[in-house]
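A.B. asks: Next comes my_file-v4.cif, mmCIF, C-alpha atoms and all ligand atoms:
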```cif
data_entry
loop_
_atom_site.label_atom_id
_atom_site.label_comp_id
_atom_site.auth_asym_id
_atom_site.auth_seq_id
_atom_site.Cartn_x
_atom_site.Cartn_y
_atom_site.Cartn_z
CA MET A 1 -18.86 -2.81 15.08
CA ARG A 2 -17.23 -0.84 12.31
CA SER A 3 -14.19 -1.39 10.12
CA ILE A 4 -12.46 1.36 8.15
CA ILE A 5 -11.45 0.20 4.69
CA ASP A 6 -12.11 3.37 2.71
CA ILE A 7 -12.21 6.92 4.07
CA THR A 8 -15.88 7.04 2.99
CA ASP A 9 -16.62 4.50 5.72
CA LEU A 10 -16.56 7.60 7.92
CA SER A 11 -19.19 10.26 7.42
CA VAL A 12 -18.14 13.90 7.10
CA THR A 13 -19.57 14.48 10.58
CA GLU A 14 -17.51 11.61 12.00
CA ILE A 15 -14.38 13.02 10.37
CA THR A 16 -15.08 16.38 12.01
CA LYS A 17 -15.44 14.60 15.36
CA LEU A 18 -12.14 12.75 14.84
CA ILE A 19 -10.42 16.04 14.03
CA GLU A 20 -11.85 17.64 17.18
CA ALA A 21 -10.81 14.63 19.27
CA SER A 22 -7.28 14.76 17.79
CA LEU A 23 -6.94 18.39 18.86
CA GLN A 24 -8.11 17.49 22.37
CA ILE A 25 -5.59 14.66 22.49
CA LEU A 26 -2.89 17.10 21.42
CA HIS A 27 -3.74 19.57 24.17
CA ASP A 28 -4.74 17.16 26.94
CA PRO A 29 -3.38 13.65 26.34
CA GLN A 30 -4.02 12.71 29.97
CA ALA A 31 -7.76 12.89 29.39
CA TYR A 32 -7.44 9.88 27.08
CA GLN A 33 -4.68 7.94 28.78
CA ASN A 34 -6.82 5.06 30.06
CA ASN A 35 -9.43 4.84 27.32
CA ALA A 36 -8.01 1.61 25.86
CA ALA A 37 -6.89 0.03 29.14
CA GLY A 38 -7.16 -3.75 28.87
CA LYS A 39 -7.47 -3.63 25.06
CA ILE A 40 -5.05 -5.02 22.50
CA LEU A 41 -4.24 -3.71 19.03
CA ALA A 42 -2.75 -6.16 16.51
CA THR A 43 -0.69 -4.55 13.76
CA LEU A 44 -0.34 -6.91 10.79
CA PHE A 45 2.11 -5.34 8.37
CA TYR A 46 2.86 -7.48 5.33
CA GLU A 47 4.52 -4.56 3.57
CA PRO A 48 7.25 -2.16 4.81
CA SER A 49 6.25 0.71 7.06
CA THR A 50 7.82 3.08 9.54
CA ARG A 51 5.31 5.85 10.28
CA THR A 52 2.05 4.04 9.88
CA ARG A 53 2.86 1.04 12.07
CA LEU A 54 4.75 2.98 14.72
CA SER A 55 2.13 5.71 14.90
CA PHE A 56 -0.64 3.13 15.34
CA GLU A 57 1.37 1.44 18.08
CA SER A 58 2.34 4.69 19.78
CA ALA A 59 -1.31 5.78 19.58
CA MET A 60 -2.49 2.58 21.28
CA TYR A 61 0.10 2.85 24.08
CA GLY A 62 -0.83 6.49 24.57
CA ILE A 63 -4.40 5.56 25.48
CA GLY A 64 -3.39 2.77 27.82
CA GLY A 65 -3.74 -0.17 25.43
CA GLN A 66 -1.27 -2.85 24.43
CA VAL A 67 0.07 -3.98 21.09
CA ILE A 68 0.94 -7.26 19.38
CA SER A 69 2.55 -7.08 15.98
CA VAL A 70 3.53 -8.90 12.82
CA ALA A 71 6.03 -6.45 11.38
CA ALA A 72 6.80 -8.33 8.15
CA ALA A 73 5.12 -10.99 6.04
CA SER A 74 8.30 -13.06 6.28
CA ASN A 75 7.67 -13.47 10.04
CA SER A 76 4.14 -14.71 9.65
CA SER A 77 2.28 -17.80 8.51
CA ALA A 78 1.51 -15.98 5.26
CA VAL A 79 4.78 -17.46 3.97
CA LYS A 80 3.42 -20.91 4.80
CA GLY A 81 0.43 -20.19 2.61
CA GLU A 82 -2.12 -19.11 5.20
CA THR A 83 -4.95 -17.06 3.75
CA ILE A 84 -5.72 -13.54 4.95
CA SER A 85 -9.12 -14.78 5.98
CA ASP A 86 -7.74 -17.56 8.21
CA THR A 87 -5.18 -15.22 9.76
CA LEU A 88 -7.86 -12.69 10.67
CA GLN A 89 -10.11 -15.30 12.24
CA VAL A 90 -7.16 -16.30 14.41
CA VAL A 91 -6.04 -12.77 15.29
CA SER A 92 -9.62 -11.88 16.28
CA ASN A 93 -9.07 -14.24 19.23
CA TYR A 94 -6.00 -12.32 20.36
CA ALA A 95 -6.81 -8.67 19.75
CA ASP A 96 -9.67 -6.19 20.11
CA ILE A 97 -8.79 -4.22 17.00
CA VAL A 98 -6.53 -4.82 13.98
CA ALA A 99 -4.58 -2.53 11.65
CA ILE A 100 -3.48 -4.33 8.47
CA ARG A 101 -1.17 -3.36 5.62
CA HIS A 102 -0.87 -5.68 2.67
CA PRO A 103 0.69 -5.52 -0.82
CA ASN A 104 -2.50 -6.64 -2.57
CA ASP A 105 -5.32 -4.26 -3.50
CA GLY A 106 -8.45 -5.21 -1.59
CA ALA A 107 -6.72 -7.25 1.13
CA ALA A 108 -8.13 -5.08 3.92
CA LEU A 109 -11.69 -5.80 2.83
CA VAL A 110 -10.99 -9.54 2.88
CA ALA A 111 -9.56 -9.07 6.37
CA ALA A 112 -12.59 -7.13 7.58
CA GLN A 113 -14.97 -9.73 6.19
CA ALA A 114 -13.20 -12.49 8.14
CA ALA A 115 -12.51 -10.69 11.42
CA SER A 116 -14.83 -10.44 14.39
CA VAL A 117 -13.11 -7.26 15.62
CA PRO A 118 -12.76 -3.86 13.90
CA VAL A 119 -10.21 -3.79 11.08
CA ILE A 120 -8.42 -0.66 9.91
CA ASN A 121 -6.92 -0.54 6.44
CA ALA A 122 -3.34 0.70 6.89
CA GLY A 123 -2.70 0.53 3.14
CA ASP A 124 -3.81 -2.14 0.64
CA GLY A 125 -1.50 -2.31 -2.35
CA SER A 126 -1.91 0.68 -4.60
CA HIS A 127 -5.58 1.01 -3.69
CA LEU A 128 -6.42 2.94 -0.51
CA HIS A 129 -4.87 4.34 2.67
CA PRO A 130 -7.63 5.97 4.73
CA THR A 131 -5.67 6.69 7.90
CA GLN A 132 -3.00 8.58 5.96
CA THR A 133 -5.88 10.63 4.63
CA LEU A 134 -7.06 11.34 8.17
CA ALA A 135 -3.55 12.61 8.94
CA ASP A 136 -3.66 14.74 5.79
CA LEU A 137 -7.11 16.15 6.62
CA LEU A 138 -6.05 17.03 10.15
CA THR A 139 -2.97 18.82 8.80
CA ILE A 140 -5.03 20.75 6.26
CA TYR A 141 -7.61 21.61 8.90
CA ARG A 142 -5.00 22.79 11.40
CA HIS A 143 -3.62 25.13 8.78
CA PHE A 144 -6.70 26.44 6.98
CA GLY A 145 -9.45 25.84 9.54
CA ARG A 146 -11.55 24.19 6.82
CA LEU A 147 -11.58 21.32 4.33
CA SER A 148 -13.56 23.06 1.60
CA GLY A 149 -12.86 25.76 -0.96
CA LEU A 150 -9.27 24.63 -1.51
CA THR A 151 -7.07 24.04 -4.53
CA ILE A 152 -5.23 20.77 -4.01
CA VAL A 153 -2.33 19.94 -6.31
CA CYS A 154 -1.42 16.23 -6.22
CA VAL A 155 1.99 15.42 -7.65
CA GLY A 156 3.88 12.28 -8.62
CA ASP A 157 2.72 8.69 -8.79
CA LEU A 158 -1.03 9.12 -8.96
CA LEU A 159 -1.56 5.69 -10.48
CA TYR A 160 -0.10 3.60 -7.67
CA GLY A 161 -0.21 6.20 -4.88
CA ARG A 162 -2.89 4.94 -2.52
CA THR A 163 -2.65 8.03 -0.32
CA VAL A 164 -3.78 10.24 -3.21
CA HIS A 165 -6.68 7.91 -4.04
CA SER A 166 -8.01 8.11 -0.49
CA LEU A 167 -7.36 11.85 -0.23
CA LEU A 168 -9.40 12.49 -3.38
CA HIS A 169 -12.25 10.30 -2.08
CA ALA A 170 -12.20 12.37 1.09
CA LEU A 171 -11.87 15.92 -0.25
CA ALA A 172 -14.37 15.35 -3.06
CA ARG A 173 -17.07 15.31 -0.38
CA TYR A 174 -16.40 18.92 0.65
CA GLU A 175 -17.68 21.90 -1.32
CA ASN A 176 -15.72 23.89 -3.87
CA ASN A 177 -12.51 21.95 -3.80
CA ARG A 178 -10.51 21.98 -7.01
CA PHE A 179 -7.94 19.33 -7.90
CA VAL A 180 -4.90 19.73 -10.09
CA LEU A 181 -3.14 16.49 -10.94
CA VAL A 182 0.53 16.54 -11.94
CA SER A 183 2.01 13.25 -13.08
CA PRO A 184 3.88 11.63 -15.93
CA ASP A 185 1.49 10.23 -18.52
CA GLU A 186 2.30 6.69 -17.42
CA LEU A 187 1.34 7.44 -13.80
CA ARG A 188 -1.96 9.25 -14.29
CA LEU A 189 -4.76 8.73 -11.79
CA PRO A 190 -6.61 5.43 -12.45
CA ALA A 191 -9.37 5.93 -14.99
CA ASP A 192 -12.10 4.64 -12.66
CA LEU A 193 -11.27 7.27 -10.05
CA ARG A 194 -10.96 10.03 -12.65
CA ASN A 195 -14.35 9.08 -14.12
CA SER A 196 -16.05 8.98 -10.76
CA LEU A 197 -14.75 12.48 -9.92
CA ASN A 198 -15.89 13.76 -13.30
CA GLN A 199 -19.30 12.17 -12.91
CA ALA A 200 -19.67 13.83 -9.53
CA GLY A 201 -19.04 17.16 -11.25
CA ILE A 202 -15.77 17.79 -9.43
CA LEU A 203 -13.21 20.04 -11.03
CA VAL A 204 -10.13 18.05 -11.97
CA GLU A 205 -7.35 19.41 -14.17
CA GLU A 206 -4.33 17.46 -15.34
CA THR A 207 -1.00 18.98 -16.27
CA ALA A 208 2.61 17.98 -16.63
CA SER A 209 3.94 21.33 -15.34
CA LEU A 210 4.59 21.42 -11.61
CA ALA A 211 5.83 25.03 -11.78
CA GLN A 212 2.53 26.21 -13.25
CA ALA A 213 0.32 23.99 -11.14
CA ILE A 214 1.53 25.37 -7.82
CA VAL A 215 0.93 29.04 -8.63
CA HIS A 216 -2.61 28.99 -7.19
CA ALA A 217 -2.23 26.03 -4.84
CA ASP A 218 -3.44 25.86 -1.27
CA VAL A 219 -2.17 22.31 -0.73
CA ILE A 220 0.76 20.84 -2.65
CA TYR A 221 0.59 17.10 -2.06
CA MET A 222 3.83 15.46 -3.16
CA THR A 223 4.24 11.69 -3.52
CA ARG A 224 7.05 9.28 -4.20
CA VAL A 225 7.22 7.24 -7.42
CA GLN A 226 6.59 3.78 -5.99
CA GLN A 227 9.42 1.55 -7.07
CA GLU A 228 7.84 -1.58 -5.58
CA ARG A 229 4.74 -1.34 -7.78
CA PHE A 230 6.60 -1.38 -11.11
CA ALA A 231 6.90 -4.64 -13.03
CA ASP A 232 9.39 -2.96 -15.34
CA LYS A 233 12.36 -1.53 -13.39
CA ALA A 234 13.62 0.40 -16.41
CA GLU A 235 10.35 2.27 -16.49
CA TYR A 236 10.74 3.13 -12.81
CA GLU A 237 14.23 4.49 -13.46
CA ARG A 238 12.91 6.60 -16.29
CA LEU A 239 10.05 8.08 -14.26
CA LYS A 240 11.40 8.26 -10.73
CA ASP A 241 12.68 11.82 -10.86
CA SER A 242 9.87 13.31 -12.93
CA PHE A 243 9.03 16.03 -10.41
CA ARG A 244 11.05 17.71 -7.72
CA LEU A 245 10.02 20.51 -5.42
CA ASP A 246 12.86 22.70 -4.19
CA PRO A 247 13.17 26.20 -2.69
CA LYS A 248 13.53 27.81 -6.12
CA MET A 249 10.38 26.15 -7.46
CA MET A 250 8.50 27.07 -4.26
CA LYS A 251 8.95 30.73 -5.13
CA ASN A 252 6.05 30.12 -7.57
CA ALA A 253 3.71 29.03 -4.78
CA PRO A 254 1.59 31.33 -2.59
CA GLU A 255 2.92 32.27 0.85
CA THR A 256 -0.20 30.68 2.33
CA ALA A 257 0.22 27.30 0.61
CA ILE A 258 1.30 24.18 2.49
CA VAL A 259 3.40 21.27 1.28
CA LEU A 260 2.37 17.78 2.34
CA HIS A 261 3.94 14.38 1.65
CA PRO A 262 2.90 11.06 3.22
CA LEU A 263 6.62 10.19 3.36
CA PRO A 264 8.99 8.48 2.86
CA ARG A 265 10.43 10.96 0.37
CA VAL A 266 13.09 9.99 -2.09
CA ASN A 267 14.10 12.83 -4.43
CA GLU A 268 10.81 14.61 -4.94
CA ILE A 269 11.30 17.18 -2.17
CA ALA A 270 14.69 18.82 -1.69
CA LYS A 271 15.94 18.76 1.87
CA GLY A 272 16.46 22.51 1.56
CA LEU A 273 12.68 22.93 1.61
CA ASP A 274 12.41 21.59 5.17
CA GLN A 275 13.18 25.06 6.58
CA ASP A 276 10.35 26.67 4.61
CA PRO A 277 7.48 27.30 7.05
CA ARG A 278 5.11 26.01 4.36
CA ALA A 279 6.64 22.51 4.62
CA LYS A 280 4.23 20.55 6.84
CA TYR A 281 5.25 16.95 6.16
CA PHE A 282 6.85 16.35 9.52
CA GLU A 283 3.93 17.92 11.36
CA GLN A 284 1.78 15.58 9.25
CA THR A 285 3.46 12.58 10.92
CA LEU A 286 2.51 13.87 14.39
CA ASN A 287 -1.01 14.48 13.15
CA GLY A 288 -1.07 10.87 11.95
CA LYS A 289 -0.47 9.65 15.46
CA LEU A 290 -3.07 12.00 16.96
CA ILE A 291 -5.85 11.05 14.58
CA ARG A 292 -5.06 7.32 14.72
CA THR A 293 -5.42 7.65 18.48
CA ALA A 294 -8.82 9.26 17.98
CA LEU A 295 -9.81 6.57 15.46
CA ILE A 296 -8.84 3.63 17.68
CA ASP A 297 -10.69 5.24 20.58
CA PHE A 298 -13.78 5.76 18.40
CA LEU A 299 -13.78 2.21 16.96
CA LEU A 300 -13.26 0.54 20.35
CA ALA A 301 -16.13 2.52 21.85
CA ASP A 302 -18.32 1.70 18.85
CA ALA A 303 -17.49 -2.03 19.11
CA ALA A 304 -18.31 -2.00 22.83
CA ASN A 305 -21.78 -0.59 22.06
CA ASP A 306 -22.45 -2.72 19.02
CA PRO A 307 -20.34 -5.91 18.86
CA GLN A 308 -21.94 -7.29 15.67
CA PRO A 309 -20.08 -6.52 12.42
CA ASN A 310 -21.89 -3.96 10.24
CA PRO A 311 -22.55 -5.18 6.69
CA ARG A 312 -19.92 -3.84 4.32
CA PRO A 313 -21.33 -1.09 2.08
CA GLU A 314 -19.41 -2.45 -0.94
CA LEU A 315 -21.47 -5.63 -0.81
CA LEU A 316 -24.90 -4.03 -0.52
CA ASP A 317 -25.50 -3.60 -4.25
CA ALA A 318 -23.04 -6.29 -5.31
CA VAL A 319 -23.69 -9.63 -6.97
CA CYS A 320 -21.78 -12.75 -5.97
CA LEU A 321 -20.31 -14.47 -9.00
CA THR A 322 -18.97 -17.49 -7.12
CA ASN A 323 -20.60 -20.17 -5.24
CA ALA A 324 -18.19 -21.24 -2.49
CA ARG A 325 -20.76 -21.39 0.28
CA ALA A 326 -23.14 -23.56 -1.69
CA GLY A 327 -20.93 -26.57 -1.12
CA ALA A 328 -18.63 -26.47 -4.11
CA ASP A 329 -15.08 -27.66 -3.34
CA ALA A 330 -13.53 -24.61 -4.90
CA PRO A 331 -15.46 -21.53 -5.91
CA GLU A 332 -15.92 -21.06 -9.57
CA SER A 333 -16.38 -17.81 -11.30
CA LEU A 334 -16.48 -17.26 -15.00
CA GLN A 335 -15.13 -13.77 -14.43
CA SER A 336 -11.99 -12.48 -12.81
CA CYS A 337 -10.52 -9.10 -11.95
CA VAL A 338 -8.41 -7.44 -14.63
CA ASN A 339 -6.22 -5.86 -11.91
CA LYS A 340 -3.25 -8.22 -11.51
CA ARG A 341 -2.56 -6.95 -7.99
CA CYS A 342 -6.09 -7.63 -6.80
CA VAL A 343 -6.36 -9.79 -3.68
CA SER A 344 -8.78 -12.04 -5.56
CA HIS A 345 -5.78 -13.52 -7.40
CA ILE A 346 -3.96 -14.63 -4.23
CA GLU A 347 -6.62 -15.42 -1.64
CA ARG A 348 -7.72 -19.02 -2.10
CA GLU A 349 -11.41 -19.81 -2.45
CA ILE A 350 -12.36 -16.16 -2.37
CA GLU A 351 -15.85 -15.12 -3.42
CA ILE A 352 -15.91 -12.82 -6.42
CA TRP A 353 -18.39 -9.96 -5.94
CA ALA A 354 -19.32 -7.44 -8.61
CA LYS A 355 -20.55 -3.95 -7.80
CA GLN A 356 -23.32 -2.85 -10.14
CA PRO A 357 -23.61 -1.09 -12.45
CA GLY A 358 -20.31 -1.56 -14.21
CA ASN A 359 -19.28 -5.01 -12.98
CA ILE A 360 -16.64 -3.58 -10.66
CA CYS A 361 -14.59 -5.76 -8.31
CA VAL A 362 -15.63 -5.03 -4.71
CA TYR A 363 -12.10 -5.60 -3.45
CA CYS A 364 -10.02 -3.31 -5.65
CA ASP A 365 -12.42 -1.34 -7.90
CA GLY A 366 -10.95 -3.08 -10.96
CA LEU A 367 -13.08 -4.35 -13.78
CA LEU A 368 -14.40 -7.94 -13.72
CA ARG A 369 -14.37 -9.72 -17.03
C1 LIG B 1 2.73 5.94 2.06
C2 LIG B 1 2.22 4.55 1.81
O1 LIG B 1 2.64 3.59 2.46
O2 LIG B 1 1.35 4.44 0.97
N1 LIG B 1 3.48 6.04 3.23
C3 LIG B 1 2.85 6.17 4.42
O3 LIG B 1 2.02 5.39 4.80
N2 LIG B 1 3.13 7.24 5.16
C4 LIG B 1 3.39 6.51 0.87
C5 LIG B 1 4.57 5.81 0.31
O4 LIG B 1 4.97 4.73 0.74
O5 LIG B 1 5.13 6.37 -0.63
#
```
Mind turning this structure into structure tokens?
C.D. replies:
Amino acid sequence: MRSIIDITDLSVTEITKLIEASLQILHDPQAYQNNAAGKILATLFYEPSTRTRLSFESAMYGIGGQVISVAAASNSSAVKGETISDTLQVVSNYADIVAIRHPNDGAALVAAQAASVPVINAGDGSHLHPTQTLADLLTIYRHFGRLSGLTIVCVGDLLYGRTVHSLLHALARYENNRFVLVSPDELRLPADLRNSLNQAGILVEETASLAQAIVHADVIYMTRVQQERFADKAEYERLKDSFRLDPKMMKNAPETAIVLHPLPRVNEIAKGLDQDPRAKYFEQTLNGKLIRTALIDFLLADAANDPQPNPRPELLDAVCLTNARAGADAPESLQSCVNKRCVSHIEREIEIWAKQPGNICVYCDGLLR
């Protein structure tokens, strides 16, 4: 049984298979219409969503399954203080597969560790969003017929934008991709991700000029400045309109480029751009449904063949710094995660695990100190 927390939980070959399955689903949905008959998807959304939740649910109905849903944290026992871990043990009794979105970085890993059914990360704080990446990859593939040899320009809130983090994890595995990052200084890509790309020898440029960056772009990946992640609202106001793509600016971009955005957009893409054939962000939402259908189908089949949870790769080389299972009343760790949004700060009696080398938090990739 597999869970998908990071896009790298899927091999490149598996991603190719999901893309192929998505295209089959597009052309012949009837061939899949009973694949999930008798199965239930639980969508646990503790953070707002339109596309992600509805596309998961539409995907499940489209293959003959059924859906139960918590559409807001305020409707769930989370407000009574229930831990993610307890909730997932419960929901595993009601559903065959779970998609979870949560405001805390690392929450999906906690969920997967507690569940006895496959868990899909539908966005954990500002950390990761692997199924948006699948939608992005399918859109890129449908346009270019490949996922390698591309110049990808990522624009906007690269610090908190989980879709960009997952997209970079994904595209870094394909040959000859080049990344150009366009953000305000305050919203640069997290240093750990930048370092890991550099260490892998991947070409990453940073610039503050959108007009220049798009001149040689294949993919222009726009993102929203994420109001909800800012502690300081004045800073959000100052940065929110840093970059805007409009028809005039798009004159700088190649005719063959495509514009993606995970949506929702605020001001960063002018509505006037919607008529430009290079604008693919609405097609991207359809692709999100197609590839989530393929993913649910794949994970249900995998769980039927192999019902035991696979060990999480994050934990393989990690060291446990707490001692909850050894009989202590409350786990004690002399170290904690420097990332304030990390799930380790809200989930009671959580074990603290450090990836080595570097003493990195397994949940959110923050530093443990
Ligand atoms: C994104 C998200 O939730 O991270 N939206 C989505 O899932 N399509 C991007 C965003 O909210 O800005």
A.B. asks: Using all atoms listed in the file, determine which residues fall within 9 Å of ligand LIG 1 (chain B), then list them as a VMD selection string.
C.D. replies: chain A and resid 47 to 53 101 122 to 126 128 to 129 131 to 132 157 160 to 164 223 to 226 261 to 266 285 288
A.B. asks: Could you take the residues named above and write them with C-alpha atoms, as a compact mmCIF listing (two decimals), keeping the file's coordinate frame?
C.D. replies:
```txt
# COMPACT_ATOMS: atom_id res chain seq x y z
CA GLU A 47 4.52 -4.56 3.57
CA PRO A 48 7.25 -2.16 4.81
CA SER A 49 6.25 0.71 7.06
CA THR A 50 7.82 3.08 9.54
CA ARG A 51 5.31 5.85 10.28
CA THR A 52 2.05 4.04 9.88
CA ARG A 53 2.86 1.04 12.07
CA ARG A 101 -1.17 -3.36 5.62
CA ALA A 122 -3.34 0.70 6.89
CA GLY A 123 -2.70 0.53 3.14
CA ASP A 124 -3.81 -2.14 0.64
CA GLY A 125 -1.50 -2.31 -2.35
CA SER A 126 -1.91 0.68 -4.60
CA LEU A 128 -6.42 2.94 -0.51
CA HIS A 129 -4.87 4.34 2.67
CA THR A 131 -5.67 6.69 7.90
CA GLN A 132 -3.00 8.58 5.96
CA ASP A 157 2.72 8.69 -8.79
CA TYR A 160 -0.10 3.60 -7.67
CA GLY A 161 -0.21 6.20 -4.88
CA ARG A 162 -2.89 4.94 -2.52
CA THR A 163 -2.65 8.03 -0.32
CA VAL A 164 -3.78 10.24 -3.21
CA THR A 223 4.24 11.69 -3.52
CA ARG A 224 7.05 9.28 -4.20
CA VAL A 225 7.22 7.24 -7.42
CA GLN A 226 6.59 3.78 -5.99
CA HIS A 261 3.94 14.38 1.65
CA PRO A 262 2.90 11.06 3.22
CA LEU A 263 6.62 10.19 3.36
CA PRO A 264 8.99 8.48 2.86
CA ARG A 265 10.43 10.96 0.37
CA VAL A 266 13.09 9.99 -2.09
CA THR A 285 3.46 12.58 10.92
CA GLY A 288 -1.07 10.87 11.95
```
A.B. asks: Considering all atoms listed in the file, state which residue in the set A:Val90, A:Cys364, A:Leu137, A:Leu44 is at the smallest distance from Val343 of chain A.
C.D. replies: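 Among A:Val90, A:Cys364, A:Leu137, A:Leu44, it is A:Cys364 that comes nearest to Val343 of chain A.
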A.B. asks: So that I can check the surroundings of His165 of chain A, please list as a PDB file with C-alpha atoms, keeping the file's coordinate frame every protein, DNA and RNA residue that reaches within 10 Å of it, counting only C-alpha atoms and ignoring chain neighbours fewer than 4 positions away.
C.D. replies:
```pdb
ATOM      1  CA  ASP A   6     -12.110   3.370   2.710  1.00  0.00           C
ATOM      2  CA  ILE A   7     -12.210   6.920   4.070  1.00  0.00           C
ATOM      3  CA  SER A 126      -1.910   0.680  -4.600  1.00  0.00           C
ATOM      4  CA  HIS A 127      -5.580   1.010  -3.690  1.00  0.00           C
ATOM      5  CA  LEU A 128      -6.420   2.940  -0.510  1.00  0.00           C
ATOM      6  CA  HIS A 129      -4.870   4.340   2.670  1.00  0.00           C
ATOM      7  CA  PRO A 130      -7.630   5.970   4.730  1.00  0.00           C
ATOM      8  CA  THR A 133      -5.880  10.630   4.630  1.00  0.00           C
ATOM      9  CA  LEU A 158      -1.030   9.120  -8.960  1.00  0.00           C
ATOM     10  CA  LEU A 159      -1.560   5.690 -10.480  1.00  0.00           C
ATOM     11  CA  TYR A 160      -0.100   3.600  -7.670  1.00  0.00           C
ATOM     12  CA  GLY A 161      -0.210   6.200  -4.880  1.00  0.00           C
ATOM     13  CA  HIS A 169     -12.250  10.300  -2.080  1.00  0.00           C
ATOM     14  CA  ALA A 170     -12.200  12.370   1.090  1.00  0.00           C
ATOM     15  CA  LEU A 189      -4.760   8.730 -11.790  1.00  0.00           C
ATOM     16  CA  PRO A 190      -6.610   5.430 -12.450  1.00  0.00           C
ATOM     17  CA  LEU A 193     -11.270   7.270 -10.050  1.00  0.00           C
ATOM     18  CA  ARG A 194     -10.960  10.030 -12.650  1.00  0.00           C
TER      19      ARG A 194
END
```
A.B. asks: Which value, in Å to one decimal, gives the distance between atom CA of Asp302 of chain A and atom CA of Leu88 of chain A?
C.D. replies: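 We find that atom CA of Asp302 of chain A and atom CA of Leu88 of chain A lie 19.6 Å from each other.
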A.B. asks: Hey, which of A:Leu321, A:Ala211, A:Leu109, A:Met1 ends up closest to Asp365 of chain A? Count only C-alpha atoms.
C.D. replies: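 Checking each candidate against Asp365 of chain A, we get A:Leu109 as the closest.
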A.B. asks: One decimal, in Å: what's the spacing between atom CA of Ala279 of chain A and atom CA of Phe243 of chain A?
C.D. replies: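 Straight-line distance from atom CA of Ala279 of chain A to atom CA of Phe243 of chain A works out to 16.5 Å.
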A.B. asks: Quick one: residues within 8 Å of Leu290 of chain A, all atoms listed in the file counted, chain neighbours fewer than 6 positions away excluded, as a list in words?
C.D. replies: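 Near neighbours after the sequence-gap exclusion: Ser22, Leu23, Ile25, Leu26 and Ala59 of chain A.
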A.B. asks: Produce a file of the selected residues containing C-alpha atoms, as an mmCIF file, keeping the file's coordinate frame.
C.D. replies:
```cif
data_model
loop_
_atom_site.group_PDB
_atom_site.id
_atom_site.type_symbol
_atom_site.label_atom_id
_atom_site.label_comp_id
_atom_site.auth_asym_id
_atom_site.auth_seq_id
_atom_site.Cartn_x
_atom_site.Cartn_y
_atom_site.Cartn_z
ATOM 1 C CA SER A 22 -7.280 14.760 17.790
ATOM 2 C CA LEU A 23 -6.940 18.390 18.860
ATOM 3 C CA ILE A 25 -5.590 14.660 22.490
ATOM 4 C CA LEU A 26 -2.890 17.100 21.420
ATOM 5 C CA ALA A 59 -1.310 5.780 19.580
#
```
A.B. asks: Compare A:Arg238, A:Leu187, A:Ala172, A:Val153 by their minimum atom-to-atom distance to Ile214 of chain A, counting only C-alpha atoms, and give me the closest one.
C.D. replies: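 Of A:Arg238, A:Leu187, A:Ala172, A:Val153, the one nearest Ile214 of chain A is A:Val153, counting only C-alpha atoms.
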A.B. asks: Looking at A:Leu171, A:Leu368, A:Val362, A:Lys248, which one is nearest to Gln335 of chain A, with distances taken over only C-alpha atoms?
C.D. replies: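 Of all the options, A:Leu368 lies closest to Gln335 of chain A.
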A.B. asks: Is it possible to get the residues within 12 Å of (-11.1, 6.2, 15.6) (coordinates as in the file, counting all atoms listed in the file) written as a VMD selection string?
C.D. replies: chain A and resid 1 to 4 7 9 to 10 14 to 22 35 to 36 56 59 to 60 63 97 99 118 to 120 130 to 131 134 to 135 288 to 303
A.B. asks: What's around Leu316 of chain A at 12 Å? Count only C-alpha atoms, leave out sequence neighbours fewer than 6 positions away in its own chain, and write the answer as number ranges by chain.
C.D. replies: A: 310, 353-356, 362
A.B. asks: Please indicate the distance in Å from atom CA of Ile152 of chain A to atom CA of Asn177 of chain A, rounded to one decimal place.
C.D. replies: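 Result for atom CA of Ile152 of chain A versus atom CA of Asn177 of chain A: 7.4 Å, one decimal.
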A.B. asks: Using only C-alpha atoms, pick whichever of A:Ala111, A:Ala95, A:Cys337, A:Pro357 has the shortest atom-to-atom distance to Thr83 of chain A.
C.D. replies: A:Ala111
A.B. asks: If we count all atoms listed in the file and set the cut-off at 8 Å, which residues sit around Ser116 of chain A, ignoring sequence neighbours fewer than 6 positions away in its own chain? Please answer as a PyMOL selection string.
C.D. replies: chain A and resi 89+92+308-309
A.B. asks: Using only C-alpha atoms, which residues sit within 8 Å of Tyr46 of chain A once same-chain residues fewer than 6 positions away are excluded, as a list in words?
C.D. replies: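 Final neighbour list, sorted by chain and number: Val70, Ala71, Ala72, Ala73, Ser74, Ile100, Arg101, His102 and Pro103 of chain A.
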A.B. asks: Let me make sure I understand: among A:Gly272, A:Gly62, A:Ala42, A:Pro277, which one has the smallest atom-to-atom distance to Pro29 of chain A if we use only C-alpha atoms?
C.D. replies: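 So, comparing all the options, the nearest one is A:Gly62.
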A.B. asks: N, CA and C atoms are what I want for segment 350-354 of chain A; can you complete it accordingly and write them as a CSV table (one decimal), in the coordinates of the input?
C.D. replies:
```csv
chain,number,residue,atom,x,y,z
A,350,ILE,N,-11.7,-17.4,-2.7
A,350,ILE,CA,-12.4,-16.2,-2.4
A,350,ILE,C,-13.6,-16.0,-3.2
A,351,GLU,N,-14.6,-15.4,-2.6
A,351,GLU,CA,-15.8,-15.1,-3.4
A,351,GLU,C,-15.6,-13.9,-4.3
A,352,ILE,N,-16.0,-14.0,-5.5
A,352,ILE,CA,-15.9,-12.8,-6.4
A,352,ILE,C,-17.2,-12.1,-6.4
A,353,TRP,N,-17.2,-10.8,-6.0
A,353,TRP,CA,-18.4,-10.0,-5.9
A,353,TRP,C,-18.2,-8.8,-6.9
A,354,ALA,N,-19.3,-8.5,-7.6
A,354,ALA,CA,-19.3,-7.4,-8.6
A,354,ALA,C,-20.3,-6.3,-8.2
```
